[in-house]
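Data block below; observations after.
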Amino acid sequence: MNYKAHKKRYEKLNYRRCGNSGLLLPPITLGLWHNFGGRNRMSDESKKMLFRAFDRGVTHFDLANNYGPPYGSAESNFGKIFNSDLKKYRDELIISTKAGYDMWDGPYGEWGSKKYLIASLDQSLKRMKLEYVDIFYSHRFDPLTPLEETADALAQVVYNGKSLYVGISSYSSKQTIIMNKLLKDRGVRCLIHQPSYSMINRWIEKDLIKTLKKLEMGCIAFSPLAQGMLSEKYLKSIPKNSRAAENSSLDKKMITKTYLSKISNLSKMAKKRGQTLSQMALAWVLRHPTMTSALIGARTVKQLDECLDSLNNLKFSKSELKQINIFAKEEKINLWEPSSRY
Ligand SMILES: NC(=O)c1ccc[n+]([C@@H]2O[C@H](COP(=O)([O-])OP(=O)(O)OC[C@H]3O[C@@H](n4cnc5c(N)ncnc54)[C@H](OP(=O)(O)O)[C@@H]3O)[C@@H](O)[C@H]2O)c1
């Protein structure tokens, strides 16, 4: 395929500044955690999603070493498309990857050591056929490795040009402050934090979001649709093609009566705003001035388009926010909580 990007791709989105850096990010970013893996190639629908996203101004694609399955395949598949169709747009793209969770066997295949982080980024670059990534993340906090060592590794990838910027994911407010200082001491900016955040997973409101504002660090919220729980899809039953039916990262047991009653109420509010629940959920995440981007996943181009159309209505009245607060309550879905305990 010889993909040509849409000429008017930059006419609609309002790009947001990432903290006080020079980097602007699209308000919605596409992540490749689910639906982009596979042994040889990604599905045609996923390929279409990449092109559609870029055609609509989404310049940022988020990956990690172990996205698949199998591990590494989202990067390899992305690398193939990059090589055949996106290479000519390299300077228009922000590509991120991460290391922190289990990736290969033995003592050097996960967590936060310099040995693991440096080797993992080298492997990611090979898989994606890239000379450098734009953002490299420490994917989770490692309580057993001195943070100085993780900071050394992050600083090194910037010094040697393998990543332009670095960030952290699912770190607590306290460890974020420490990492920011360690990187600053090494002459490197901690560009961005990637935490989970949605209407039913609000942990960052306690202190992290205020910390990021103070540190002037960007914030990109992952799973803003709570893996699809913040959509109307589960209201009647569990559809066959859905994460809950696949029972991988989203446990069917999460679809409880209490959850469904919250969703039904939130969905009515969204309707009043002329939006679907997914669209209201994304607009709600983006209501924070500190929020740089909402990092979504999608299964189809139709879902992606619906998500991007959320940007047509980002405003909330005080009374709308008050009403949403009645139902936007924790659902204990934060799988990444162990990383922010320290
Ligand atoms: N840093 C980390 O530790 C970490 C962890 C997790 C994710 N992430 C990043 O964040 C990205 C997004 O995470 P996520 O996939 O969990 O995000 P999400 O946007 O909360 O969930 C995506 C899922 O929501 C459903 N969906 C999307 N648009 C929809 C629409 N318009 N209508 C109805 N349902 C819709 C789909 O579910 P169905 O497939 O069921 O249809 C889709 O697969 C990942 O790809 C990854 O890049 C980072």
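Chain lettering (A, B, ...) mirrors the order of the structure tokens, residue numbering begins at 1 for each chain separately, and ligand numbering begins at 1 in order of display.
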
Open item on the list: Please return as a PyMOL selection string the residues found within 8 Å of ligand 1, counting only C-alpha atoms and all ligand atoms.
Closed with: chain A and resi 30-35+61-64+98+139-140+169-170+194-196+198+221-233+241-245+278-279+295-300+302-307+336

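Residues within 9 Å of Asp134 of chain A, counting only C-alpha atoms and excluding same-chain residues fewer than 3 positions away, are Leu93, Ile94, Ile95, Ser96, Thr97, Lys162, Ser163, Leu164, Tyr165 and Val166 of chain A.
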
Selection to disk with N, CA and C atoms, as a tab-separated table (two decimals), in the first residue's frame:
```tsv
chain	number	residue	atom	x	y	z
A	93	LEU	N	5.84	12.73	13.48
A	93	LEU	CA	5.31	11.72	14.41
A	93	LEU	C	6.01	11.73	15.76
A	94	ILE	N	5.22	11.48	16.79
A	94	ILE	CA	5.78	11.28	18.13
A	94	ILE	C	5.51	9.82	18.50
A	95	ILE	N	6.58	9.05	18.55
A	95	ILE	CA	6.45	7.61	18.83
A	95	ILE	C	7.09	7.33	20.19
A	96	SER	N	6.29	6.71	21.05
A	96	SER	CA	6.84	6.42	22.38
A	96	SER	C	6.88	4.93	22.62
A	97	THR	N	7.81	4.51	23.46
A	97	THR	CA	7.81	3.13	23.95
A	97	THR	C	8.25	3.11	25.41
A	162	LYS	N	19.07	8.08	21.58
A	162	LYS	CA	18.13	6.98	21.30
A	162	LYS	C	16.69	7.38	21.61
A	163	SER	N	16.54	8.37	22.49
A	163	SER	CA	15.21	8.94	22.73
A	163	SER	C	15.36	10.45	22.90
A	164	LEU	N	14.39	11.19	22.35
A	164	LEU	CA	14.50	12.65	22.47
A	164	LEU	C	14.10	13.12	23.86
A	165	TYR	N	13.07	12.45	24.41
A	165	TYR	CA	12.57	12.82	25.74
A	165	TYR	C	12.38	11.55	26.56
A	166	VAL	N	12.22	11.73	27.88
A	166	VAL	CA	11.89	10.59	28.73
A	166	VAL	C	10.72	10.91	29.65
```

Open item on the list: Which residue is closest to Tyr3 of chain A? Choose from A:Asp55, A:Asp85, A:Asp44, A:Asp309 and count only C-alpha atoms.
Closed with: A:Asp85

Open item on the list: Could you go through segment 45-242 of chain A and tell me which residues DSSP, when run on the backbone, assigns to strand (DSSP E), listing them as a PyMOL selection string?
Closed with: chain A and resi 60-62+94-99+133-138+163-169+190-194+218-222

Could those selected residues go to a file with C-alpha atoms, as a PDB file, in the first residue's frame?
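Produced file selection-v7.pdb, reproduced below:
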```
ATOM      1  CA  HIS A  60       1.291  10.502  18.640  1.00  0.00           C
ATOM      2  CA  PHE A  61       1.374   6.676  18.822  1.00  0.00           C
ATOM      3  CA  ASP A  62       2.145   4.961  22.100  1.00  0.00           C
ATOM      4  CA  ILE A  94       5.775  11.285  18.132  1.00  0.00           C
ATOM      5  CA  ILE A  95       6.448   7.611  18.827  1.00  0.00           C
ATOM      6  CA  SER A  96       6.838   6.420  22.378  1.00  0.00           C
ATOM      7  CA  THR A  97       7.810   3.132  23.945  1.00  0.00           C
ATOM      8  CA  LYS A  98       8.407   1.817  27.453  1.00  0.00           C
ATOM      9  CA  ALA A  99      10.184  -0.789  29.504  1.00  0.00           C
ATOM     10  CA  VAL A 133      11.989   7.170  19.686  1.00  0.00           C
ATOM     11  CA  ASP A 134      10.494  10.467  20.761  1.00  0.00           C
ATOM     12  CA  ILE A 135       9.629   9.417  24.298  1.00  0.00           C
ATOM     13  CA  PHE A 136      11.032   6.534  26.331  1.00  0.00           C
ATOM     14  CA  TYR A 137       9.300   5.669  29.602  1.00  0.00           C
ATOM     15  CA  SER A 138      10.157   3.849  32.763  1.00  0.00           C
ATOM     16  CA  SER A 163      15.208   8.938  22.732  1.00  0.00           C
ATOM     17  CA  LEU A 164      14.500  12.648  22.474  1.00  0.00           C
ATOM     18  CA  TYR A 165      12.568  12.821  25.736  1.00  0.00           C
ATOM     19  CA  VAL A 166      11.889  10.586  28.731  1.00  0.00           C
ATOM     20  CA  GLY A 167       8.932  10.003  30.985  1.00  0.00           C
ATOM     21  CA  ILE A 168       7.583   7.837  33.782  1.00  0.00           C
ATOM     22  CA  SER A 169       4.419   5.806  34.132  1.00  0.00           C
ATOM     23  CA  CYS A 190      11.259  14.548  32.903  1.00  0.00           C
ATOM     24  CA  LEU A 191       8.852  15.437  30.106  1.00  0.00           C
ATOM     25  CA  ILE A 192       5.701  13.564  30.963  1.00  0.00           C
ATOM     26  CA  HIS A 193       3.889  11.260  33.352  1.00  0.00           C
ATOM     27  CA  GLN A 194       1.608   8.499  32.052  1.00  0.00           C
ATOM     28  CA  GLY A 218       3.000  16.946  30.990  1.00  0.00           C
ATOM     29  CA  CYS A 219       0.346  14.316  31.692  1.00  0.00           C
ATOM     30  CA  ILE A 220      -1.072  11.689  29.324  1.00  0.00           C
ATOM     31  CA  ALA A 221      -3.892   9.656  30.858  1.00  0.00           C
ATOM     32  CA  PHE A 222      -4.127   6.020  29.806  1.00  0.00           C
TER      33      PHE A 222
END
```

Write out as a compact mmCIF listing (two decimals) with N, CA and C atoms, in the first residue's frame each polymer residue whose atoms come within 9 Å of Ser340 of chain A, counting only C-alpha atoms; drop sequence neighbours fewer than 6 positions from it.
```
# COMPACT_ATOMS: atom_id res chain seq x y z
N ARG A 140 7.16 1.34 35.01
CA ARG A 140 6.64 1.24 36.39
C ARG A 140 7.77 1.49 37.37
N PHE A 141 7.38 1.89 38.58
CA PHE A 141 8.35 2.15 39.63
C PHE A 141 8.91 0.82 40.13
N SER A 170 2.86 5.55 35.96
CA SER A 170 2.29 4.98 37.19
C SER A 170 3.18 5.17 38.42
N TYR A 171 4.01 6.20 38.43
CA TYR A 171 4.78 6.55 39.63
C TYR A 171 3.88 7.38 40.57
N SER A 172 4.06 7.22 41.87
CA SER A 172 3.32 8.04 42.84
C SER A 172 3.80 9.49 42.75
N SER A 173 3.06 10.36 43.40
CA SER A 173 3.45 11.77 43.44
C SER A 173 4.84 11.92 44.06
N GLN A 175 7.38 9.72 44.33
CA GLN A 175 8.48 9.22 43.49
C GLN A 175 8.65 10.07 42.22
```

TODO: Give me every helix (DSSP H, G or I) residue in segment 142-190 of chain A, going by DSSP on the backbone, as a list in words.
DONE: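 Those in segment 142-190 of chain A that DSSP calls helix (DSSP H, G or I) are Leu147, Glu148, Glu149, Thr150, Ala151, Asp152, Ala153, Leu154, Ala155, Gln156, Val157, Val158, Tyr159, Ser173, Lys174, Gln175, Thr176, Ile177, Ile178, Met179, Asn180, Lys181, Leu182, Leu183, Lys184 and Asp185 of chain A.
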
TODO: List the neighbours of Gly57 of chain A out to 8 Å using only C-alpha atoms; skip same-chain residues closer than 2 positions along the sequence, and give me the result as JSON, numbers by chain.
DONE: {"A": [9, 10, 11, 12, 13, 26, 53, 54, 55, 59]}

Open item on the list: Between atom CA of Trp104 of chain A and atom CA of Asn65 of chain A, what distance in Å does the model show, to one decimal?
Closed with: 10.0 Å
